[in-house]
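See structure below.
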2 protein chains.
Amino acid sequence: MSFQRTLIAKPDGRRLWYYSWDRPPPAVKANGTRRALESEGLGLRWHPLLEEWIVVAPERQERTFLPPAEYCPLCPTRDASRPTEVPSAEYEVVVFENRFPSFRRDAPKAGKVRPPFATERARGAAEVVLYSPEHEASLGELPARQVERLVEVWADRYRELASRREVAYVLIFENRGREIGVTLTHPHGQIYAFPFVPPQVQRELSAAARYRRERRRCLHCDIVAAETKGRERVVAANDGFVAFVPFFARWPYEVHVVSTRHFASLAELSGDEQRDLAALLRTVLQKYDHLWGAPMPFAMVMHQRPADGKRYPGCHFHIEITPPYRSRGKLKYLAGCETGAGTFINDARAEETAAELRWAEPRT
Amino acid sequence: MSFQRTLIAKPDGRRLWYYSWDRPPPAVKANGTRRALESEGLGLRWHPLLEEWIVVAPERQERTFLPPAEYCPLCPTRDASRPTEVPSAEYEVVVFENRFPSFRRDAPKAGKVRPPFATERARGAAEVVLYSPEHEASLGELPARQVERLVEVWADRYRELASRREVAYVLIFENRGREIGVTLTHPHGQIYAFPFVPPQVQRELSAAARYRRERRRCLHCDIVAAETKGRERVVAANDGFVAFVPFFARWPYEVHVVSTRHFASLAELSGDEQRDLAALLRTVLQKYDHLWGAPMPFAMVMHQRPADGKRYPGCHFHIEITPPYRSRGKLKYLAGCETGAGTFINDARAEETAAELRWAEPRT
């Protein structure tokens with residue numbers, strides 16, 4: 001570990017970690033209110049028709065909604081009488097527990113219900129990762145060195161959260177852009193530590209395990225080989241990683257960033273691979289923004305080994321990025337067919353959108 | 001069958017059916033262009049990570065996008081030099097094959113690919129059901145008699161499409177509102193006839209079959225009993241059907257309309273049940289519009305017995321309606337956690353949104 005991690009307890013009981021490499025951590029001080037975190041209504045409800053957990057988090061209705069920049073709760077505190085989430089601008093990366101959590105270490109007890117209903121505590125964690133004290137920055141525009149730091153932070157959060165007994169899965173993700181409902185525009189990502197393996201992740205893992213059983217090979221390694229050989233859907237690549245619009249994309253501009261070496265989590269990255277991942281992520285996100293000369297919204301989700309102690313043969317680290325546009329200015333909506341039946345209609349050929357992204361360069 | 005069904009072939013090869021009860025069908029004539037339907041790029045691609053089919057339909061990018069009302073292609077033709085989809089306004093209900101289909105009877109052959117990729121023809125059907133010649137109507141505002149006619153049409157389309165050899169599932173649905181991407185506002189629903197059982201439907205059927213095997217009871221009947229006993233999540237009910245925000249709702253204002261009698265498809269409805277379904281659907285949709293005094297967008301999806309000839313023990317007819325709002329004026333977006341991991345965060349308690357809907361009445 002090349003960084004120093006400094007823990008601060010916020011007055012309301014939440015925790016904050018400064019990650020420091022080249023400078024000392026900010027003077028350690030806490031700020032914010034002592035008001036206890038409200039999430040009395042938080043809990044899991046079992047969906048008996050789909051056999052999956054739903055997170056019910058009513059206090060999230062109260063979360064800050066697109067405040068003007070001067071009221072951004074993720075900017076460093078400028079005025080002590082109006083504390084924000086971060087006391088100091090002198091940080092490199094900072095992580096803290098979400099004020100409006102979907103999962104909590106100390107989640108309230110579950111209410112009792114009778115079958116066919118069921119409930120459970122929403123134990124786990126919801127963390128916010130601030131990429132920069134600058135309100136106008138974005139992941140793709142950060143200096144390469146800063147994205148490398150983020151890769152180290154993601155790996156560290158993965159290791160720490162995965163080691164907790166109640167955690168079965170660590171989901172590292174970023175939602176970017178109002179088009180997908182982001183309520184705070186300050187550049188940040190999120191981490192959810194789940195007490196179960198989320199159902200779509202579970203399906204991917206089952207498919208990879210089945211493929212490995214039947215063919216004695218890794219499904220993801222085979223996909224990387226096929227996409228790299230054909231090249232028509234490759235967006236960018238380096239030694240450690242390849243980015244492509246998969247043949248089977250559900251979204252027109254969906255990109256998968258997959259490691260060329262077979263490993264299962266961020267905890268297993270070499271130093272070179274950390275740099276390669278940071279470099280390729282930057283390239284892909286920059287291409288998105290260059291495509292139409294405007295910031296591209298997306299959901300970016302990392303897929304890695306669950307933390308529930310079970311074996312997952314065929315698990316292979318990868319990142320899935322799904323922008324919500326189907327063409328310039330036209331959003332792809334999920335409606336009856338997708339949300340009601342589970343089948344995606346993709347209005348674009350992966351070969352064409354991959355070529356668009358491959359050739360997307362800064363406008364001069 | 002109380003109606004007369006009249007088939008017309010459009011010049012481009014698509015079919016149109018007039019459904020008539022109280023008046024004679026419109027003078028049978030075809031209109032439109034002879035230009036062949038373009039869907040050369042249409043096909044299925046196998047998603048090996050999720051083990052499901054993706055529909056790729058690039059010609060759908062060209063579909064008509066929110067035209068002004070006077071150019072609505074779903075309004076009856078007023079000017080012969082500018083034909084629309086429907087030659088005459090003198091119809092009661094009309095159904096026709098979609099000009100921008102996701103599935104087709106005569107779908108093009110699938111391109112060849114190597115494993116781990118796979119393709120298949122997108123055989124099936126995509127139909128449009130016009131509820132009314134009136135551009136400004138909506139399902140909830142139609143006269144009760146007209147909604148009863150629609151229930152008969154849905155049952156007839158279900159029977160006809162389910163009887164086709166290539167069809168495994170008949171999905172009857174309506175997407176309403178620009179908020180979920182509707183590109184034509186004229187009141188209409190859609191029907192997709194799939195050559196496979198869609199994955200989310202498959203999961204529901206597997207869960208119901210497992211429940212029946214383990215408990216020797218119908219999961220849906222047990223849910224209806226539990227929701228009816230508690231009543232706190234019931235929105236409205238009559239003899240044949242009950243509408244409730246399920247305990248396990250994924251969306252804040254999600255409503256399930258479930259038959260009180262155990263049967264598996266629209267083809268099994270009695271005359272009384274047809275009337276009860278029409279009445280309860282109208283009530284629920286009116287309550288949605290009364291809630292905030294504005295038309296509520298939603299995806300409405302009917303769940304019924306697949307047409308693939310397999311047994312589906314525990315299959316129970318029901319309708320799922322999911323409006324995209326989380327509270328007045330605030331959309332619920334699907335982002336990283338939902339589309340990337342498959343877990344829904346619901347920011348509302350079903351008990352509270354059900355009470356809101358139950359008490360929603362016309363403003364005076």
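Residues in the structure tokens are named by chain (A, B, ... in the order shown) and by number from 1 within that chain; ligands are numbered from 1 in the order shown.
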
- Message: I need the residues in segment 128-265 of chain A that are strand (DSSP E or B) according to DSSP; give them as number ranges by chain.
- Response: A: 128-130, 169-176, 188-194, 234-237, 241-244, 255-259

- Task: Run DSSP on the backbone of this structure and report the residues of segment 99-305 of chain A it assigns to helix (DSSP H, G or I), as JSON, numbers by chain.
- Result: {"A": [139, 140, 141, 144, 145, 146, 147, 148, 149, 150, 151, 152, 153, 154, 155, 156, 157, 158, 159, 160, 161, 162, 178, 179, 180, 199, 200, 201, 202, 203, 204, 205, 206, 207, 208, 209, 210, 211, 212, 213, 214, 215, 219, 220, 221, 222, 223, 224, 225, 226, 227, 228, 229, 230, 266, 267, 268, 271, 272, 273, 274, 275, 276, 277, 278, 279, 280, 281, 282, 283, 284, 285, 286, 287, 288, 289, 290, 291]}

Go ahead and save the residues from that selection, with C-alpha atoms, as a PDB file, in the first residue's frame.
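File written: selection.pdb
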ATOM      1  CA  LEU A 139     -13.416  10.860 -13.854  1.00  0.00           C
ATOM      2  CA  GLY A 140     -12.295  10.937 -17.488  1.00  0.00           C
ATOM      3  CA  GLU A 141     -10.824  14.434 -17.181  1.00  0.00           C
ATOM      4  CA  ALA A 144      -3.834   9.937 -15.046  1.00  0.00           C
ATOM      5  CA  ARG A 145      -2.116   9.831 -11.652  1.00  0.00           C
ATOM      6  CA  GLN A 146      -5.383  10.686  -9.893  1.00  0.00           C
ATOM      7  CA  VAL A 147      -7.258   7.874 -11.653  1.00  0.00           C
ATOM      8  CA  GLU A 148      -4.464   5.489 -10.582  1.00  0.00           C
ATOM      9  CA  ARG A 149      -5.012   6.655  -6.995  1.00  0.00           C
ATOM     10  CA  LEU A 150      -8.714   5.916  -7.385  1.00  0.00           C
ATOM     11  CA  VAL A 151      -7.953   2.392  -8.583  1.00  0.00           C
ATOM     12  CA  GLU A 152      -5.933   1.913  -5.381  1.00  0.00           C
ATOM     13  CA  VAL A 153      -8.781   3.290  -3.274  1.00  0.00           C
ATOM     14  CA  TRP A 154     -11.335   1.014  -4.980  1.00  0.00           C
ATOM     15  CA  ALA A 155      -9.075  -1.971  -4.286  1.00  0.00           C
ATOM     16  CA  ASP A 156      -8.660  -0.924  -0.659  1.00  0.00           C
ATOM     17  CA  ARG A 157     -12.406  -0.407  -0.115  1.00  0.00           C
ATOM     18  CA  TYR A 158     -13.062  -3.759  -1.808  1.00  0.00           C
ATOM     19  CA  ARG A 159     -10.640  -5.518   0.546  1.00  0.00           C
ATOM     20  CA  GLU A 160     -11.910  -3.817   3.678  1.00  0.00           C
ATOM     21  CA  LEU A 161     -15.608  -4.214   2.954  1.00  0.00           C
ATOM     22  CA  ALA A 162     -15.228  -7.787   1.653  1.00  0.00           C
ATOM     23  CA  ARG A 178     -28.948  13.930 -14.645  1.00  0.00           C
ATOM     24  CA  GLU A 179     -30.264  11.705 -17.427  1.00  0.00           C
ATOM     25  CA  ILE A 180     -29.897   8.732 -15.093  1.00  0.00           C
ATOM     26  CA  PRO A 199     -29.367 -11.163  -8.630  1.00  0.00           C
ATOM     27  CA  GLN A 200     -27.906  -9.970 -11.929  1.00  0.00           C
ATOM     28  CA  VAL A 201     -24.377 -10.534 -10.637  1.00  0.00           C
ATOM     29  CA  GLN A 202     -25.485 -13.964  -9.438  1.00  0.00           C
ATOM     30  CA  ARG A 203     -26.769 -14.788 -12.927  1.00  0.00           C
ATOM     31  CA  GLU A 204     -23.460 -13.730 -14.502  1.00  0.00           C
ATOM     32  CA  LEU A 205     -21.543 -15.864 -12.025  1.00  0.00           C
ATOM     33  CA  SER A 206     -23.796 -18.875 -12.637  1.00  0.00           C
ATOM     34  CA  ALA A 207     -23.375 -18.527 -16.404  1.00  0.00           C
ATOM     35  CA  ALA A 208     -19.585 -18.301 -16.077  1.00  0.00           C
ATOM     36  CA  ALA A 209     -19.517 -21.333 -13.749  1.00  0.00           C
ATOM     37  CA  ARG A 210     -21.675 -23.348 -16.158  1.00  0.00           C
ATOM     38  CA  TYR A 211     -19.481 -22.380 -19.110  1.00  0.00           C
ATOM     39  CA  ARG A 212     -16.359 -23.411 -17.210  1.00  0.00           C
ATOM     40  CA  ARG A 213     -17.920 -26.731 -16.219  1.00  0.00           C
ATOM     41  CA  GLU A 214     -19.024 -27.514 -19.755  1.00  0.00           C
ATOM     42  CA  ARG A 215     -16.026 -26.241 -21.720  1.00  0.00           C
ATOM     43  CA  LEU A 219     -16.252 -17.439 -20.573  1.00  0.00           C
ATOM     44  CA  HIS A 220     -14.777 -13.954 -20.163  1.00  0.00           C
ATOM     45  CA  CYS A 221     -11.355 -15.010 -21.465  1.00  0.00           C
ATOM     46  CA  ASP A 222     -13.109 -16.502 -24.511  1.00  0.00           C
ATOM     47  CA  ILE A 223     -15.079 -13.294 -25.073  1.00  0.00           C
ATOM     48  CA  VAL A 224     -11.902 -11.189 -24.787  1.00  0.00           C
ATOM     49  CA  ALA A 225     -10.204 -13.496 -27.312  1.00  0.00           C
ATOM     50  CA  ALA A 226     -13.133 -13.310 -29.748  1.00  0.00           C
ATOM     51  CA  GLU A 227     -13.520  -9.530 -29.467  1.00  0.00           C
ATOM     52  CA  THR A 228      -9.767  -8.964 -29.764  1.00  0.00           C
ATOM     53  CA  LYS A 229      -9.503 -11.228 -32.804  1.00  0.00           C
ATOM     54  CA  GLY A 230     -12.406  -9.586 -34.659  1.00  0.00           C
ATOM     55  CA  LEU A 266      -9.347  -5.446  -7.798  1.00  0.00           C
ATOM     56  CA  ALA A 267      -7.378  -6.934  -4.901  1.00  0.00           C
ATOM     57  CA  GLU A 268      -5.364  -8.997  -7.404  1.00  0.00           C
ATOM     58  CA  GLY A 271       1.010  -2.272 -10.305  1.00  0.00           C
ATOM     59  CA  ASP A 272       1.185  -2.322 -14.102  1.00  0.00           C
ATOM     60  CA  GLU A 273      -2.413  -3.460 -14.313  1.00  0.00           C
ATOM     61  CA  GLN A 274      -3.511  -0.649 -11.990  1.00  0.00           C
ATOM     62  CA  ARG A 275      -1.906   1.831 -14.372  1.00  0.00           C
ATOM     63  CA  ASP A 276      -3.356   0.102 -17.436  1.00  0.00           C
ATOM     64  CA  LEU A 277      -6.843   0.080 -15.960  1.00  0.00           C
ATOM     65  CA  ALA A 278      -6.628   3.767 -15.058  1.00  0.00           C
ATOM     66  CA  ALA A 279      -5.320   4.643 -18.532  1.00  0.00           C
ATOM     67  CA  LEU A 280      -7.971   2.652 -20.402  1.00  0.00           C
ATOM     68  CA  LEU A 281     -10.835   3.932 -18.254  1.00  0.00           C
ATOM     69  CA  ARG A 282      -9.717   7.499 -18.946  1.00  0.00           C
ATOM     70  CA  THR A 283      -9.517   6.797 -22.674  1.00  0.00           C
ATOM     71  CA  VAL A 284     -13.011   5.282 -22.820  1.00  0.00           C
ATOM     72  CA  LEU A 285     -14.623   8.027 -20.741  1.00  0.00           C
ATOM     73  CA  GLN A 286     -12.926  10.698 -22.845  1.00  0.00           C
ATOM     74  CA  LYS A 287     -14.187   9.063 -26.027  1.00  0.00           C
ATOM     75  CA  TYR A 288     -17.712   9.121 -24.611  1.00  0.00           C
ATOM     76  CA  ASP A 289     -17.424  12.866 -24.019  1.00  0.00           C
ATOM     77  CA  HIS A 290     -15.867  13.480 -27.433  1.00  0.00           C
ATOM     78  CA  LEU A 291     -18.531  11.483 -29.268  1.00  0.00           C
TER      79      LEU A 291
END

Counting only C-alpha atoms, the residue among B:Asn175, B:Thr185, B:Ser270, B:Asn31 that lies closest to chain A is B:Asn175

Counting only C-alpha atoms, the residue among B:Gly189, B:Gly329, B:Pro108, B:Pro198 that lies closest to Phe344 of chain A is B:Pro198

With the cut-off set at 6 Å and counting only C-alpha atoms, tabulate each residue of chain A with an atom at most that distance from an atom of chain B, showing the nearest atom pair and its distance in Å to one decimal, ordered by chain and increasing number, as a Markdown table.
| residue | atom | partner | partner_atom | distance |
| --- | --- | --- | --- | --- |
| A:Arg45 | CA | B:Phe248 | CA | 5.7 |
| A:His47 | CA | B:Phe248 | CA | 5.0 |
| A:Leu49 | CA | B:Glu204 | CA | 4.9 |
| A:Leu50 | CA | B:Glu204 | CA | 5.3 |
| A:Ile54 | CA | B:Phe344 | CA | 5.5 |
| A:Val55 | CA | B:Ile345 | CA | 4.7 |
| A:Val56 | CA | B:Asn346 | CA | 4.8 |
| A:Ala57 | CA | B:Asp347 | CA | 4.9 |
| A:Pro58 | CA | B:Asp347 | CA | 4.5 |
| A:Arg60 | CA | B:Asp347 | CA | 5.8 |
| A:Gln61 | CA | B:Asp347 | CA | 5.8 |
| A:Ile180 | CA | B:Tyr333 | CA | 5.7 |
| A:Gly181 | CA | B:Tyr333 | CA | 5.3 |
| A:Pro198 | CA | B:Ala341 | CA | 5.6 |
| A:Pro199 | CA | B:Gly342 | CA | 5.5 |
| A:Gln200 | CA | B:Gly342 | CA | 4.7 |
| A:Val201 | CA | B:Ala341 | CA | 5.5 |
| A:Arg203 | CA | B:Leu50 | CA | 5.8 |
| A:Glu204 | CA | B:Leu49 | CA | 4.9 |
| A:Ala207 | CA | B:Leu49 | CA | 5.9 |
| A:Phe248 | CA | B:His47 | CA | 5.0 |
| A:Ala299 | CA | B:Gly336 | CA | 5.0 |
| A:Val301 | CA | B:Gly340 | CA | 5.9 |
| A:Tyr333 | CA | B:Gly181 | CA | 5.3 |
| A:Ala335 | CA | B:Ala299 | CA | 5.8 |
| A:Gly336 | CA | B:Ala299 | CA | 5.0 |
| A:Gly340 | CA | B:Val301 | CA | 5.9 |
| A:Ala341 | CA | B:Gln200 | CA | 5.0 |
| A:Gly342 | CA | B:Gln200 | CA | 4.7 |
| A:Thr343 | CA | B:Pro198 | CA | 5.9 |
| A:Phe344 | CA | B:Ile54 | CA | 5.5 |
| A:Ile345 | CA | B:Val55 | CA | 4.7 |
| A:Asn346 | CA | B:Val56 | CA | 4.8 |
| A:Asp347 | CA | B:Pro58 | CA | 4.5 |
| A:Ala348 | CA | B:Pro58 | CA | 4.7 |

File dump, residues just selected, N, CA and C atoms, as a short mmCIF file (atom, residue, chain, number, x, y, z; two decimals), in the first residue's frame:
data_model
loop_
_atom_site.label_atom_id
_atom_site.label_comp_id
_atom_site.auth_asym_id
_atom_site.auth_seq_id
_atom_site.Cartn_x
_atom_site.Cartn_y
_atom_site.Cartn_z
N ARG A 45 -37.05 -6.26 1.72
CA ARG A 45 -38.28 -7.03 1.56
C ARG A 45 -38.05 -8.07 0.47
N HIS A 47 -38.93 -10.35 -2.60
CA HIS A 47 -39.85 -10.35 -3.74
C HIS A 47 -40.11 -11.81 -4.10
N LEU A 49 -42.04 -13.25 -6.19
CA LEU A 49 -42.25 -13.59 -7.60
C LEU A 49 -40.91 -13.67 -8.33
N LEU A 50 -39.96 -12.85 -7.96
CA LEU A 50 -38.66 -12.85 -8.64
C LEU A 50 -37.57 -13.47 -7.77
N ILE A 54 -35.57 -6.66 -2.30
CA ILE A 54 -35.78 -5.25 -2.65
C ILE A 54 -35.32 -4.44 -1.44
N VAL A 55 -34.56 -3.37 -1.69
CA VAL A 55 -34.17 -2.47 -0.60
C VAL A 55 -35.23 -1.38 -0.48
N VAL A 56 -35.84 -1.25 0.69
CA VAL A 56 -36.79 -0.16 0.93
C VAL A 56 -36.08 0.87 1.81
N ALA A 57 -35.97 2.09 1.29
CA ALA A 57 -35.17 3.13 1.96
C ALA A 57 -35.94 4.45 1.91
N PRO A 58 -37.02 4.58 2.69
CA PRO A 58 -37.89 5.76 2.56
C PRO A 58 -37.18 7.07 2.88
N ARG A 60 -34.48 8.02 1.91
CA ARG A 60 -33.77 8.53 0.73
C ARG A 60 -34.61 9.55 -0.06
N GLN A 61 -35.95 9.54 0.17
CA GLN A 61 -36.78 10.56 -0.49
C GLN A 61 -36.32 11.97 -0.11
N ILE A 180 -29.61 9.97 -15.82
CA ILE A 180 -29.90 8.73 -15.09
C ILE A 180 -30.17 9.01 -13.62
N GLY A 181 -30.52 10.27 -13.32
CA GLY A 181 -31.06 10.55 -12.00
C GLY A 181 -30.06 10.99 -10.96
N PRO A 198 -26.10 -9.65 -5.45
CA PRO A 198 -27.23 -9.12 -6.21
C PRO A 198 -27.61 -10.06 -7.37
N PRO A 199 -28.89 -10.11 -7.72
CA PRO A 199 -29.37 -11.16 -8.63
C PRO A 199 -28.74 -11.15 -10.02
N GLN A 200 -28.48 -9.98 -10.59
CA GLN A 200 -27.91 -9.97 -11.93
C GLN A 200 -26.45 -10.44 -11.89
N VAL A 201 -25.75 -10.07 -10.84
CA VAL A 201 -24.38 -10.53 -10.64
C VAL A 201 -24.38 -12.05 -10.45
N ARG A 203 -26.52 -14.13 -11.63
CA ARG A 203 -26.77 -14.79 -12.93
C ARG A 203 -25.49 -14.84 -13.76
N GLU A 204 -24.73 -13.73 -13.76
CA GLU A 204 -23.46 -13.73 -14.50
C GLU A 204 -22.52 -14.80 -13.96
N ALA A 207 -23.66 -18.26 -14.99
CA ALA A 207 -23.37 -18.53 -16.40
C ALA A 207 -21.89 -18.84 -16.60
N PHE A 248 -23.12 -8.74 -27.69
CA PHE A 248 -24.43 -8.95 -27.09
C PHE A 248 -24.89 -7.76 -26.26
N ALA A 299 -23.98 4.66 -16.36
CA ALA A 299 -23.80 3.89 -15.13
C ALA A 299 -22.59 3.01 -15.37
N VAL A 301 -20.31 0.00 -13.60
CA VAL A 301 -20.42 -0.98 -12.52
C VAL A 301 -19.28 -1.98 -12.62
N TYR A 333 -35.08 4.38 -23.28
CA TYR A 333 -35.85 4.19 -22.06
C TYR A 333 -36.06 2.70 -21.81
N ALA A 335 -38.79 0.26 -20.69
CA ALA A 335 -40.24 0.29 -20.48
C ALA A 335 -40.74 -1.15 -20.38
N GLY A 336 -41.99 -1.38 -20.81
CA GLY A 336 -42.64 -2.67 -20.57
C GLY A 336 -41.78 -3.88 -20.91
N GLY A 340 -40.66 -5.03 -17.49
CA GLY A 340 -41.76 -5.94 -17.18
C GLY A 340 -41.49 -7.37 -17.60
N ALA A 341 -40.68 -7.56 -18.65
CA ALA A 341 -40.43 -8.91 -19.14
C ALA A 341 -38.95 -9.28 -19.08
N GLY A 342 -38.07 -8.27 -18.99
CA GLY A 342 -36.65 -8.56 -18.84
C GLY A 342 -35.88 -8.70 -20.14
N THR A 343 -36.53 -8.42 -21.27
CA THR A 343 -35.82 -8.52 -22.56
C THR A 343 -35.49 -7.12 -23.08
N PHE A 344 -34.21 -6.92 -23.41
CA PHE A 344 -33.76 -5.63 -23.92
C PHE A 344 -33.88 -5.60 -25.44
N ILE A 345 -34.42 -4.48 -25.95
CA ILE A 345 -34.39 -4.19 -27.38
C ILE A 345 -33.26 -3.19 -27.58
N ASN A 346 -32.27 -3.54 -28.34
CA ASN A 346 -31.18 -2.63 -28.64
C ASN A 346 -31.37 -2.10 -30.06
N ASP A 347 -31.54 -0.77 -30.17
CA ASP A 347 -31.82 -0.16 -31.47
C ASP A 347 -30.56 0.11 -32.28
N ALA A 348 -29.43 -0.47 -31.91
CA ALA A 348 -28.19 -0.20 -32.65
C ALA A 348 -27.38 -1.48 -32.78
#

One number please: atom CA of Ala307 of chain A to atom CA of Gly111 of chain A, in Å, one decimal.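 Going from atom CA of Ala307 of chain A over to atom CA of Gly111 of chain A covers 26.4 Å.
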
Within 9 Å of Cys72 of chain B, counting only C-alpha atoms, which residues show up once you throw out same-chain ones fewer than 3 positions away? Write them as a list of chain:residue names, please. B:Thr64, B:Leu66, B:Pro67, B:Pro68, B:Ala69, B:Cys75, B:Pro76, B:Thr84, B:His135, B:Leu184, B:Thr185, B:His186

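A straight line drawn from atom CA of Ala237 of chain A to atom CA of Val255 of chain A is 12.0 Å long.
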